[in-house]
>>> print(open('start35.cif').read())   # mmCIF, C-alpha atoms
data_target
loop_
_atom_site.label_atom_id
_atom_site.label_comp_id
_atom_site.auth_asym_id
_atom_site.auth_seq_id
_atom_site.Cartn_x
_atom_site.Cartn_y
_atom_site.Cartn_z
CA MET A 293 0.80 23.83 -4.83
CA ILE A 294 -1.13 21.16 -6.72
CA PRO A 295 -0.28 17.76 -5.19
CA ARG A 296 1.63 15.45 -7.48
CA ILE A 297 1.34 11.65 -7.46
CA ALA A 298 3.93 9.22 -8.80
CA LEU A 299 2.33 6.09 -10.29
CA THR A 300 4.11 2.80 -10.98
CA PRO A 301 2.12 0.36 -13.18
CA GLY A 302 3.87 -2.72 -11.78
CA GLU A 303 4.11 -5.88 -13.90
CA PRO A 304 4.15 -4.72 -17.54
CA ALA A 305 2.37 -7.83 -18.85
CA GLY A 306 -0.49 -7.38 -16.40
CA ILE A 307 -3.31 -4.88 -16.00
CA GLY A 308 -1.24 -2.16 -14.35
CA PRO A 309 -0.55 -0.27 -17.61
CA ASP A 310 -4.23 -0.61 -18.58
CA LEU A 311 -5.33 0.91 -15.29
CA CYS A 312 -2.97 3.88 -15.60
CA ILE A 313 -4.21 4.57 -19.13
CA ARG A 314 -7.85 4.34 -18.12
CA ILE A 315 -7.60 6.58 -15.06
CA ALA A 316 -5.81 9.08 -17.32
CA GLN A 317 -9.08 9.46 -19.24
CA GLN A 318 -10.54 11.63 -16.47
CA ASP A 319 -9.56 14.94 -14.92
CA TRP A 320 -7.80 14.85 -11.56
CA ASN A 321 -7.29 17.63 -9.06
CA ALA A 322 -3.64 16.61 -8.91
CA GLY A 323 -0.68 16.06 -11.17
CA LEU A 324 -0.15 12.43 -12.19
CA VAL A 325 3.29 11.21 -13.24
CA VAL A 326 3.56 7.59 -14.40
CA VAL A 327 7.01 6.02 -14.02
CA ALA A 328 7.20 3.54 -16.90
CA ASP A 329 8.38 2.85 -20.44
CA PRO A 330 6.59 5.31 -22.77
CA ASP A 331 6.48 2.76 -25.60
CA LEU A 332 4.69 0.29 -23.32
CA LEU A 333 1.97 2.83 -22.48
CA ALA A 334 1.60 3.94 -26.11
CA GLN A 335 1.34 0.35 -27.35
CA ARG A 336 -1.18 -0.63 -24.66
CA ALA A 337 -3.31 2.47 -25.35
CA ARG A 338 -3.51 1.47 -29.02
CA GLN A 339 -4.45 -2.07 -28.06
CA LEU A 340 -7.20 -0.76 -25.79
CA GLY A 341 -8.37 1.65 -28.46
CA VAL A 342 -8.01 4.57 -26.07
CA PRO A 343 -6.75 7.97 -27.24
CA LEU A 344 -3.77 9.12 -25.19
CA GLN A 345 -1.40 12.05 -25.54
CA LEU A 346 1.91 11.23 -23.88
CA GLN A 347 4.27 13.80 -22.43
CA VAL A 348 7.65 12.25 -21.71
CA LEU A 349 9.40 14.18 -18.96
CA ASP A 350 13.08 14.93 -18.79
CA PRO A 351 14.22 13.92 -15.28
CA TYR A 352 15.66 17.40 -14.86
CA VAL A 353 12.20 18.88 -15.39
CA MET A 354 11.09 17.02 -12.27
CA GLN A 355 13.20 19.42 -10.24
CA SER A 356 10.78 22.24 -11.04
CA ARG A 357 7.35 21.77 -9.50
CA SER A 358 6.00 24.79 -11.36
CA ARG A 359 6.60 23.20 -14.77
CA ILE A 360 4.57 20.05 -14.20
CA GLY A 361 2.65 20.86 -11.01
CA ARG A 362 -0.60 21.24 -12.93
CA ARG A 363 -3.87 19.35 -12.65
CA HIS A 364 -4.16 16.25 -14.76
CA ARG A 365 -6.30 16.70 -17.87
CA ALA A 366 -8.25 13.83 -19.37
CA GLY A 367 -6.60 12.07 -22.30
CA THR A 368 -3.06 13.07 -21.39
CA LEU A 369 -0.35 11.33 -19.44
CA LYS A 370 2.99 12.54 -18.10
CA ILE A 371 5.65 9.84 -18.00
CA LEU A 372 8.98 9.72 -16.25
CA PRO A 373 10.75 7.22 -18.51
CA VAL A 374 12.27 3.91 -17.47
CA SER A 375 13.14 1.52 -20.32
CA LEU A 376 11.97 -2.06 -20.54
CA ALA A 377 14.59 -4.74 -21.06
CA ALA A 378 12.43 -6.75 -23.48
CA PRO A 379 9.21 -6.28 -25.48
CA VAL A 380 5.97 -7.03 -23.65
CA GLN A 381 3.04 -9.20 -24.67
CA CYS A 382 -0.11 -9.00 -22.59
CA GLY A 383 -0.46 -11.90 -20.18
CA GLN A 384 3.00 -13.32 -20.85
CA LEU A 385 5.49 -12.91 -18.01
CA ASN A 386 9.12 -12.33 -18.89
CA ARG A 387 11.81 -12.51 -16.23
CA ALA A 388 13.96 -10.17 -18.34
CA ASN A 389 11.71 -7.30 -17.21
CA ALA A 390 11.87 -8.07 -13.48
CA ALA A 391 14.62 -5.54 -12.87
CA TYR A 392 12.60 -2.95 -14.83
CA VAL A 393 9.70 -3.30 -12.39
CA LEU A 394 11.97 -2.66 -9.42
CA GLU A 395 13.70 0.25 -11.16
CA THR A 396 10.36 2.02 -11.64
CA LEU A 397 9.84 1.73 -7.89
CA ARG A 398 13.30 3.12 -7.16
CA VAL A 399 12.81 6.09 -9.48
CA ALA A 400 9.34 6.87 -8.15
CA THR A 401 10.48 6.57 -4.54
CA ALA A 402 13.43 8.87 -5.20
CA ALA A 403 11.04 11.45 -6.68
CA CYS A 404 8.98 11.32 -3.47
CA LEU A 405 12.00 11.46 -1.16
CA SER A 406 13.31 14.54 -2.98
CA GLY A 407 9.97 16.32 -2.76
CA GLN A 408 9.38 16.23 -6.52
CA CYS A 409 6.26 14.12 -5.88
CA ASP A 410 4.03 14.10 -2.83
CA ALA A 411 3.01 10.44 -2.76
CA LEU A 412 3.59 7.09 -4.44
CA VAL A 413 0.74 4.92 -5.74
CA THR A 414 1.76 1.46 -6.93
CA GLY A 415 0.16 -1.01 -9.31
CA PRO A 416 0.32 -4.79 -8.88
CA VAL A 417 3.57 -6.71 -9.30
CA GLN A 418 4.10 -10.41 -9.99
CA LYS A 419 6.38 -11.54 -7.18
CA SER A 420 6.96 -14.98 -8.68
CA ILE A 421 8.58 -13.70 -11.88
CA ILE A 422 10.84 -11.36 -9.91
CA ASN A 423 11.96 -14.31 -7.79
CA ASP A 424 12.38 -16.44 -10.94
CA ALA A 425 14.79 -13.78 -12.21
CA GLY A 426 17.00 -14.48 -9.21
CA ILE A 427 15.99 -11.37 -7.27
CA ALA A 428 15.00 -11.78 -3.61
CA PHE A 429 11.66 -9.99 -3.35
CA THR A 430 8.80 -10.60 -0.92
CA GLY A 431 6.65 -7.58 -1.70
CA HIS A 432 6.33 -3.82 -2.04
CA THR A 433 6.26 -3.30 1.72
CA GLU A 434 9.61 -4.92 2.40
CA PHE A 435 11.24 -3.52 -0.75
CA LEU A 436 10.25 0.07 0.01
CA ALA A 437 11.47 -0.32 3.59
CA GLU A 438 14.83 -1.48 2.26
CA ILE A 439 15.39 1.27 -0.31
CA THR A 440 14.27 4.01 2.09
CA GLN A 441 16.32 2.47 4.92
CA THR A 442 13.29 2.39 7.19
CA PRO A 443 13.79 0.02 10.16
CA GLN A 444 10.09 -0.58 10.87
CA VAL A 445 7.20 -0.43 8.42
CA VAL A 446 3.63 -1.67 8.80
CA MET A 447 1.34 -3.02 6.11
CA MET A 448 -2.25 -1.81 6.42
CA LEU A 449 -5.25 -2.37 4.15
CA ALA A 450 -8.32 -0.16 4.25
CA VAL A 451 -11.74 0.26 2.71
CA SER A 452 -13.53 3.59 2.30
CA ASN A 453 -16.09 4.96 4.74
CA ASP A 454 -18.99 4.06 2.45
CA MET A 455 -17.88 0.43 2.79
CA GLY A 456 -17.47 0.53 6.57
CA GLY A 457 -14.22 2.44 6.91
CA LEU A 458 -12.33 -0.66 8.08
CA ARG A 459 -8.54 -0.48 8.51
CA VAL A 460 -6.54 -3.64 9.19
CA ALA A 461 -2.80 -3.49 9.92
CA LEU A 462 -0.50 -6.50 10.21
CA ALA A 463 2.02 -7.37 12.90
CA THR A 464 3.71 -9.75 10.41
CA THR A 465 3.40 -9.74 6.65
CA HIS A 466 4.48 -12.34 4.10
CA LEU A 467 5.55 -15.27 6.26
CA PRO A 468 4.76 -18.97 6.17
CA LEU A 469 2.22 -19.72 8.89
CA ARG A 470 4.68 -21.98 10.76
CA ASP A 471 7.00 -18.94 11.24
CA VAL A 472 4.40 -16.49 12.57
CA SER A 473 4.56 -17.44 16.25
CA ASP A 474 8.33 -16.99 16.39
CA ALA A 475 7.97 -13.60 14.69
CA ILE A 476 5.61 -12.27 17.37
CA THR A 477 8.06 -10.75 19.88
CA ALA A 478 7.52 -8.03 22.45
CA PRO A 479 9.98 -5.55 20.87
CA GLY A 480 8.59 -6.21 17.38
CA LEU A 481 4.96 -5.86 18.44
CA GLU A 482 5.70 -2.67 20.35
CA ALA A 483 7.46 -1.17 17.32
CA VAL A 484 4.52 -2.04 15.04
CA LEU A 485 1.99 -0.48 17.42
CA ARG A 486 4.05 2.68 17.77
CA VAL A 487 4.21 3.09 13.98
CA LEU A 488 0.50 2.37 13.57
CA HIS A 489 -0.47 4.82 16.32
CA HIS A 490 1.89 7.51 15.01
CA ASP A 491 0.69 7.32 11.40
CA LEU A 492 -2.99 7.22 12.33
CA ARG A 493 -2.34 10.55 14.02
CA THR A 494 -0.01 12.18 11.49
CA ARG A 495 -1.26 10.71 8.19
CA PHE A 496 -4.96 10.31 8.95
CA GLY A 497 -5.59 13.18 11.34
CA ILE A 498 -6.94 10.96 14.17
CA SER A 499 -5.87 12.70 17.38
CA ASP A 500 -6.44 9.78 19.78
CA PRO A 501 -6.75 6.56 17.78
CA HIS A 502 -8.46 3.49 19.21
CA ILE A 503 -6.79 0.28 18.07
CA LEU A 504 -8.20 -3.24 18.46
CA VAL A 505 -5.53 -5.93 18.75
CA CYS A 506 -6.14 -9.53 17.74
CA GLY A 507 -4.83 -12.40 19.78
CA LEU A 508 -2.58 -14.86 18.01
CA ASN A 509 -4.26 -18.10 19.05
CA PRO A 510 -7.89 -19.25 18.91
CA HIS A 511 -9.91 -17.55 21.68
CA ALA A 512 -6.83 -15.36 22.33
CA GLY A 513 -5.12 -18.33 23.92
CA GLU A 514 -7.99 -19.45 26.22
CA SER A 515 -6.05 -18.28 29.33
CA GLY A 516 -2.98 -20.21 28.23
CA HIS A 517 -4.72 -23.46 27.34
CA LEU A 518 -4.40 -22.76 23.58
CA GLY A 519 -0.99 -21.13 23.53
CA SER A 520 1.06 -18.79 25.69
CA GLU A 521 1.79 -15.92 23.28
CA ASP A 522 -1.35 -13.94 24.05
CA ASP A 523 -0.79 -13.84 27.81
CA GLN A 524 3.00 -13.73 27.86
CA ILE A 525 3.82 -11.46 24.87
CA ILE A 526 0.84 -9.55 23.48
CA ALA A 527 -0.97 -8.58 26.70
CA PRO A 528 2.14 -7.16 28.47
CA VAL A 529 3.01 -5.04 25.41
CA LEU A 530 -0.49 -3.59 25.31
CA GLU A 531 -0.40 -2.84 29.03
CA LYS A 532 2.94 -1.06 28.65
CA LEU A 533 1.74 1.12 25.77
CA ARG A 534 -1.50 1.99 27.57
CA ASN A 535 0.55 3.42 30.45
CA PRO A 536 1.17 7.18 29.95
CA ASP A 537 4.50 6.88 31.77
CA SER A 538 6.11 3.85 30.10
CA GLY A 539 4.21 4.09 26.79
CA GLN A 540 2.12 6.79 25.15
CA GLY A 541 -1.19 6.28 26.86
CA MET A 542 -2.47 4.53 23.74
CA ARG A 543 -6.09 3.39 23.53
CA LEU A 544 -5.58 -0.31 22.89
CA THR A 545 -8.20 -3.02 23.32
CA GLY A 546 -7.08 -6.63 23.35
CA PRO A 547 -5.82 -9.16 22.82
CA LEU A 548 -9.24 -10.11 21.45
CA PRO A 549 -10.25 -13.39 19.78
CA ALA A 550 -10.06 -12.76 16.04
CA ASP A 551 -13.21 -14.77 15.33
CA THR A 552 -15.39 -12.29 17.24
CA LEU A 553 -13.39 -9.07 16.92
CA PHE A 554 -14.77 -8.11 13.49
CA ILE A 555 -18.31 -7.37 14.65
CA PRO A 556 -20.06 -3.98 15.06
CA LYS A 557 -19.80 -4.15 18.87
CA TYR A 558 -16.06 -3.62 18.56
CA LEU A 559 -15.56 -2.03 15.15
CA GLN A 560 -17.96 0.88 15.65
CA THR A 561 -15.60 2.50 18.14
CA ALA A 562 -12.30 1.50 16.51
CA ASP A 563 -10.01 3.38 14.14
CA ALA A 564 -7.94 0.34 13.17
CA VAL A 565 -7.42 -3.35 13.86
CA LEU A 566 -4.01 -4.95 14.29
CA ALA A 567 -3.99 -8.58 13.13
CA MET A 568 -1.11 -10.85 14.03
CA TYR A 569 -0.67 -12.34 10.55
CA HIS A 570 -1.65 -11.85 6.92
CA ASP A 571 -4.62 -14.21 6.62
CA GLN A 572 -6.02 -13.47 10.06
CA GLY A 573 -7.38 -10.04 9.19
CA LEU A 574 -7.21 -9.53 5.45
CA PRO A 575 -9.89 -12.05 4.39
CA VAL A 576 -12.44 -10.04 6.40
CA LEU A 577 -11.36 -6.75 4.89
CA LYS A 578 -11.26 -8.05 1.34
CA TYR A 579 -14.68 -9.62 1.76
CA ALA A 580 -15.95 -6.20 2.84
CA GLY A 581 -14.48 -4.30 -0.08
CA PHE A 582 -12.44 -6.25 -2.62
CA GLY A 583 -11.79 -4.18 -5.71
CA ARG A 584 -12.26 -0.97 -3.74
CA ALA A 585 -9.79 -1.64 -0.94
CA ILE A 586 -6.29 -0.20 -0.82
CA ASN A 587 -2.91 -1.15 0.63
CA ILE A 588 -0.98 1.46 2.64
CA THR A 589 2.59 1.23 3.91
CA LEU A 590 2.95 2.97 7.27
CA GLY A 591 6.23 4.12 8.78
CA LEU A 592 7.89 5.17 5.53
CA PRO A 593 9.28 8.69 5.07
CA ILE A 594 6.91 8.94 2.07
CA ILE A 595 3.21 8.33 1.53
CA ARG A 596 2.56 5.08 -0.31
CA THR A 597 -0.75 3.50 -1.27
CA SER A 598 -1.52 0.63 -3.63
CA VAL A 599 -4.24 -1.48 -5.19
CA ASP A 600 -5.58 -4.50 -3.31
CA HIS A 601 -5.47 -6.94 -6.25
CA GLY A 602 -3.02 -8.82 -8.40
CA THR A 603 -1.78 -8.51 -11.96
CA ALA A 604 -4.80 -10.25 -13.57
CA LEU A 605 -2.73 -11.39 -16.55
CA ASP A 606 -5.78 -12.78 -18.32
CA LEU A 607 -7.41 -9.34 -18.40
CA ALA A 608 -4.40 -7.37 -19.65
CA GLY A 609 -5.16 -5.57 -22.90
CA THR A 610 -8.85 -6.54 -22.87
CA GLY A 611 -10.27 -3.31 -21.47
CA GLN A 612 -12.13 -5.28 -18.79
CA ALA A 613 -9.93 -4.44 -15.81
CA ASP A 614 -11.69 -2.53 -13.02
CA THR A 615 -10.03 0.76 -12.07
CA GLY A 616 -11.86 1.03 -8.73
CA SER A 617 -8.98 0.07 -6.44
CA LEU A 618 -6.45 2.29 -8.24
CA GLU A 619 -8.83 5.25 -8.10
CA ALA A 620 -9.37 4.60 -4.39
CA ALA A 621 -5.59 4.41 -3.85
CA ILE A 622 -5.08 7.78 -5.56
CA HIS A 623 -7.87 9.42 -3.58
CA ALA A 624 -6.47 7.99 -0.34
CA ALA A 625 -2.97 9.25 -1.17
CA LEU A 626 -4.32 12.73 -1.87
CA ASP A 627 -6.27 12.68 1.39
CA MET A 628 -3.14 11.63 3.28
CA VAL A 629 -1.16 14.42 1.63
CA SER A 630 -3.75 16.96 2.75
CA ARG A 631 -3.86 15.62 6.32
CA SER A 632 -0.16 14.89 6.87
CA VAL A 633 1.60 16.60 9.72
CA LYS A 634 5.06 17.67 8.66
#
>>> encode(input="start35.cif", output="C-alpha cells")
Amino acid sequence: MIPRIALTPGEPAGIGPDLCIRIAQQDWNAGLVVVADPDLLAQRARQLGVPLQLQVLDPYVMQSRSRIGRRHRAGTLKILPVSLAAPVQCGQLNRANAAYVLETLRVATAACLSGQCDALVTGPVQKSIINDAGIAFTGHTEFLAEITQTPQVVMMLAVSNDMGGLRVALATTHLPLRDVSDAITAPGLEAVLRVLHHDLRTRFGISDPHILVCGLNPHAGESGHLGSEDDQIIAPVLEKLRNPDSGQGMRLTGPLPADTLFIPKYLQTADAVLAMYHDQGLPVLKYAGFGRAINITLGLPIIRTSVDHGTALDLAGTGQADTGSLEAAIHAALDMVSRSVK
C-alpha cells in the first residue's frame, strides 16, 4: 500500500495554503490529501501564479484506499472538502473562519483514526484568532489529545540528522512560566517519560532509547539551594523508571542543568532530551534548525507531525514562504509510518 498523508493548511489567511500548493508541485512517493476548502486552494494558486489541477474527493471515496492510494503527481492536488465560513484575504485574520480551522483538524484526524490516512501533517494555526472567536484553544497538541480522547500526550520538536538529529520533548507545554513549577508533579513526569520512551521505540525504531532529562531550576537546583523540585520530584521519578522492577529499566540521565546539557558531551549519546518547559529546550532546537525543524505529538493513536513556524501573515500569497519545514514534516511522517510497530 502507498502511504497516504492528510494535510491541514491551518490558518487560511496565512502561508499554510501556499505551502500545500507549492509542495504539490513535486512528485511524492505517497498519496497527499489536503483537508481544506477547494475554492481557497484554487484562488491561492491563481494568486501565486502556480498551475494546479484539483481533485475534490467525495468523503465516501476515502473509504477505498485503492481509489486514491496512488503516488502524488506534480501539479495535482487531492482535496477532502471543508467549507470556509467567510471569504479569505491574504494576511487578514477573520474570526468567522476559526471554526473552519478546527473542523479541518477534526476531519483529518477522523480519516487517520479510521485508517483512511496513515498520518496527519498540520500547517500553522493562529491561536489568537481562534481564542478571539470565543473558542478555548491552546494549541494543536492539546486539541488533538482532546478529540482523540488521549489522556497523556507529549510535544516533541526535532531536527533532521544532517542538522544534528536533536529531539527535544516537553514535560509541560503552553503554560505561563509562573505555573510551570506547580505543573511538575511526580505522576505527570512519569507519564510523560513513559510516553516518550514508548514512542521512541515504536515510532522511531530505537530499541533502547537514552533520554537526557533537564532539571527545572538553575544548576538543577544546586542541591536544594535553588529550589527543591529537582531533588524531591524529578530525581525520584528518574530513579524509579531506571529500576527494571518498578519501572522499565529506562536509560535516563539527569536531572541535568539545562545550561550545560545541550553540548556534544551529552548529546552525542542521547536519543532525546526532555525539557521541563517550553522555552527551556526549544530555543536551542530552533537555533539549530529553524525552518527545517518539525513538531511531533507523541502518545496519540495516530501519527502527527507539523511545521515549526507560524502563519507568517505578511508572506501569504507572495510566493516567498519557505516550504522546508513542511517538507521535513511530511518526510518525518512517512518515516514514522514505515517504522511504526503496530
>>> residues_around(input="start35.cif", residues="stretch 458-463 of chain A", least_positions_apart="3", cutoff="10 Å", atoms="only C-alpha atoms", output="PyMOL selection string")
chain A and resi 445-455+466+472+475-477+480-485+488+503-506+554+559-560+562-574+576-577+580-581+585-590
>>> residues_around(input="start35.cif", residues="A:Cys404", least_positions_apart="6", cutoff="10 Å", atoms="all atoms listed in the file", output="short mmCIF file (atom, residue, chain, number, x, y, z; two decimals) with C-alpha atoms, in the coordinates of the input")
data_model
loop_
_atom_site.label_atom_id
_atom_site.label_comp_id
_atom_site.auth_asym_id
_atom_site.auth_seq_id
_atom_site.Cartn_x
_atom_site.Cartn_y
_atom_site.Cartn_z
CA ARG A 296 1.63 15.45 -7.48
CA ILE A 297 1.34 11.65 -7.46
CA ALA A 298 3.93 9.22 -8.80
CA ARG A 398 13.30 3.12 -7.16
CA ASP A 410 4.03 14.10 -2.83
CA ALA A 411 3.01 10.44 -2.76
CA LEU A 412 3.59 7.09 -4.44
CA PRO A 593 9.28 8.69 5.07
CA ILE A 594 6.91 8.94 2.07
CA ILE A 595 3.21 8.33 1.53
CA ARG A 596 2.56 5.08 -0.31
#
>>> residues_near_point(input="start35.cif", point="(13.9, -3.4, -14.5)", cutoff="12 Å", atoms="only C-alpha atoms", output="number ranges by chain")
A: 302-304, 327-329, 373-378, 386-399, 421-422, 425, 427
>>> atom_distance(input="start35.cif", atom1="atom CA of A:Arg543", atom2="atom CA of A:Met628")
22.1 Å
>>> residues_around(input="start35.cif", residues="A:Ala334", least_positions_apart="6", cutoff="9 Å", atoms="only C-alpha atoms", output="JSON, numbers by chain")
{"A": [344, 345, 346]}
>>> decode(input="start35.cif", residues="stretch 521-532 of chain A", atoms="all heavy atoms", output="PDB file, in the first residue's frame")
ATOM      1  N   GLU A 521      12.468  21.149  43.637  1.00  0.00           N
ATOM      2  CA  GLU A 521      11.792  20.253  42.686  1.00  0.00           C
ATOM      3  C   GLU A 521      12.726  19.205  42.086  1.00  0.00           C
ATOM      4  O   GLU A 521      12.327  18.050  41.870  1.00  0.00           O
ATOM      5  CB  GLU A 521      11.150  21.059  41.552  1.00  0.00           C
ATOM      6  CG  GLU A 521      10.020  21.981  41.983  1.00  0.00           C
ATOM      7  CD  GLU A 521      10.512  23.369  42.362  1.00  0.00           C
ATOM      8  OE1 GLU A 521      11.737  23.552  42.507  1.00  0.00           O
ATOM      9  OE2 GLU A 521       9.655  24.270  42.513  1.00  0.00           O
ATOM     10  N   ASP A 522      13.962  19.582  41.825  1.00  0.00           N
ATOM     11  CA  ASP A 522      14.887  18.653  41.182  1.00  0.00           C
ATOM     12  C   ASP A 522      15.194  17.450  42.071  1.00  0.00           C
ATOM     13  O   ASP A 522      15.192  16.312  41.606  1.00  0.00           O
ATOM     14  CB  ASP A 522      16.181  19.392  40.809  1.00  0.00           C
ATOM     15  CG  ASP A 522      15.910  20.546  39.867  1.00  0.00           C
ATOM     16  OD1 ASP A 522      15.774  20.294  38.663  1.00  0.00           O
ATOM     17  OD2 ASP A 522      15.816  21.687  40.344  1.00  0.00           O
ATOM     18  N   ASP A 523      15.447  17.715  43.354  1.00  0.00           N
ATOM     19  CA  ASP A 523      15.788  16.637  44.281  1.00  0.00           C
ATOM     20  C   ASP A 523      14.560  15.869  44.768  1.00  0.00           C
ATOM     21  O   ASP A 523      14.629  14.650  44.957  1.00  0.00           O
ATOM     22  CB  ASP A 523      16.526  17.206  45.502  1.00  0.00           C
ATOM     23  CG  ASP A 523      17.933  17.663  45.164  1.00  0.00           C
ATOM     24  OD1 ASP A 523      18.439  17.272  44.094  1.00  0.00           O
ATOM     25  OD2 ASP A 523      18.513  18.433  45.950  1.00  0.00           O
ATOM     26  N   GLN A 524      13.441  16.578  44.946  1.00  0.00           N
ATOM     27  CA  GLN A 524      12.298  15.945  45.589  1.00  0.00           C
ATOM     28  C   GLN A 524      11.284  15.355  44.612  1.00  0.00           C
ATOM     29  O   GLN A 524      10.499  14.480  44.990  1.00  0.00           O
ATOM     30  CB  GLN A 524      11.601  16.955  46.506  1.00  0.00           C
ATOM     31  CG  GLN A 524      12.466  17.410  47.668  1.00  0.00           C
ATOM     32  CD  GLN A 524      11.737  18.337  48.614  1.00  0.00           C
ATOM     33  OE1 GLN A 524      10.518  18.514  48.520  1.00  0.00           O
ATOM     34  NE2 GLN A 524      12.474  18.942  49.550  1.00  0.00           N
ATOM     35  N   ILE A 525      11.284  15.829  43.347  1.00  0.00           N
ATOM     36  CA  ILE A 525      10.300  15.326  42.373  1.00  0.00           C
ATOM     37  C   ILE A 525      10.990  14.638  41.206  1.00  0.00           C
ATOM     38  O   ILE A 525      10.747  13.458  40.929  1.00  0.00           O
ATOM     39  CB  ILE A 525       9.407  16.471  41.860  1.00  0.00           C
ATOM     40  CG1 ILE A 525       8.602  17.091  43.003  1.00  0.00           C
ATOM     41  CG2 ILE A 525       8.456  15.951  40.768  1.00  0.00           C
ATOM     42  CD1 ILE A 525       7.786  18.300  42.607  1.00  0.00           C
ATOM     43  N   ILE A 526      11.860  15.353  40.507  1.00  0.00           N
ATOM     44  CA  ILE A 526      12.421  14.827  39.262  1.00  0.00           C
ATOM     45  C   ILE A 526      13.336  13.636  39.515  1.00  0.00           C
ATOM     46  O   ILE A 526      13.172  12.569  38.905  1.00  0.00           O
ATOM     47  CB  ILE A 526      13.172  15.937  38.498  1.00  0.00           C
ATOM     48  CG1 ILE A 526      12.218  17.088  38.166  1.00  0.00           C
ATOM     49  CG2 ILE A 526      13.781  15.364  37.221  1.00  0.00           C
ATOM     50  CD1 ILE A 526      12.889  18.299  37.530  1.00  0.00           C
ATOM     51  N   ALA A 527      14.301  13.767  40.422  1.00  0.00           N
ATOM     52  CA  ALA A 527      15.266  12.689  40.664  1.00  0.00           C
ATOM     53  C   ALA A 527      14.603  11.379  41.095  1.00  0.00           C
ATOM     54  O   ALA A 527      14.950  10.309  40.578  1.00  0.00           O
ATOM     55  CB  ALA A 527      16.312  13.136  41.681  1.00  0.00           C
ATOM     56  N   PRO A 528      13.631  11.398  42.035  1.00  0.00           N
ATOM     57  CA  PRO A 528      12.993  10.140  42.417  1.00  0.00           C
ATOM     58  C   PRO A 528      12.234   9.468  41.266  1.00  0.00           C
ATOM     59  O   PRO A 528      12.219   8.231  41.169  1.00  0.00           O
ATOM     60  CB  PRO A 528      12.037  10.558  43.539  1.00  0.00           C
ATOM     61  CG  PRO A 528      12.639  11.797  44.107  1.00  0.00           C
ATOM     62  CD  PRO A 528      13.239  12.508  42.936  1.00  0.00           C
ATOM     63  N   VAL A 529      11.612  10.264  40.394  1.00  0.00           N
ATOM     64  CA  VAL A 529      10.913   9.673  39.244  1.00  0.00           C
ATOM     65  C   VAL A 529      11.911   8.984  38.319  1.00  0.00           C
ATOM     66  O   VAL A 529      11.676   7.858  37.841  1.00  0.00           O
ATOM     67  CB  VAL A 529      10.114  10.749  38.467  1.00  0.00           C
ATOM     68  CG1 VAL A 529       9.618  10.192  37.137  1.00  0.00           C
ATOM     69  CG2 VAL A 529       8.943  11.241  39.308  1.00  0.00           C
ATOM     70  N   LEU A 530      13.034   9.620  38.060  1.00  0.00           N
ATOM     71  CA  LEU A 530      14.039   9.018  37.193  1.00  0.00           C
ATOM     72  C   LEU A 530      14.574   7.730  37.803  1.00  0.00           C
ATOM     73  O   LEU A 530      14.769   6.738  37.101  1.00  0.00           O
ATOM     74  CB  LEU A 530      15.187  10.001  36.945  1.00  0.00           C
ATOM     75  CG  LEU A 530      14.833  11.350  36.325  1.00  0.00           C
ATOM     76  CD1 LEU A 530      16.103  12.112  35.929  1.00  0.00           C
ATOM     77  CD2 LEU A 530      13.917  11.200  35.134  1.00  0.00           C
ATOM     78  N   GLU A 531      14.820   7.747  39.101  1.00  0.00           N
ATOM     79  CA  GLU A 531      15.325   6.541  39.766  1.00  0.00           C
ATOM     80  C   GLU A 531      14.308   5.400  39.668  1.00  0.00           C
ATOM     81  O   GLU A 531      14.675   4.241  39.426  1.00  0.00           O
ATOM     82  CB  GLU A 531      15.635   6.851  41.234  1.00  0.00           C
ATOM     83  CG  GLU A 531      16.270   5.703  41.987  1.00  0.00           C
ATOM     84  CD  GLU A 531      17.607   5.274  41.397  1.00  0.00           C
ATOM     85  OE1 GLU A 531      18.320   6.121  40.827  1.00  0.00           O
ATOM     86  OE2 GLU A 531      17.944   4.073  41.509  1.00  0.00           O
ATOM     87  N   LYS A 532      13.046   5.716  39.835  1.00  0.00           N
ATOM     88  CA  LYS A 532      12.003   4.687  39.731  1.00  0.00           C
ATOM     89  C   LYS A 532      11.977   4.068  38.344  1.00  0.00           C
ATOM     90  O   LYS A 532      11.895   2.840  38.197  1.00  0.00           O
ATOM     91  CB  LYS A 532      10.636   5.301  40.063  1.00  0.00           C
ATOM     92  CG  LYS A 532       9.467   4.349  39.842  1.00  0.00           C
ATOM     93  CD  LYS A 532       8.143   5.030  40.126  1.00  0.00           C
ATOM     94  CE  LYS A 532       6.973   4.075  39.835  1.00  0.00           C
ATOM     95  NZ  LYS A 532       5.658   4.738  40.113  1.00  0.00           N
TER      96      LYS A 532
END
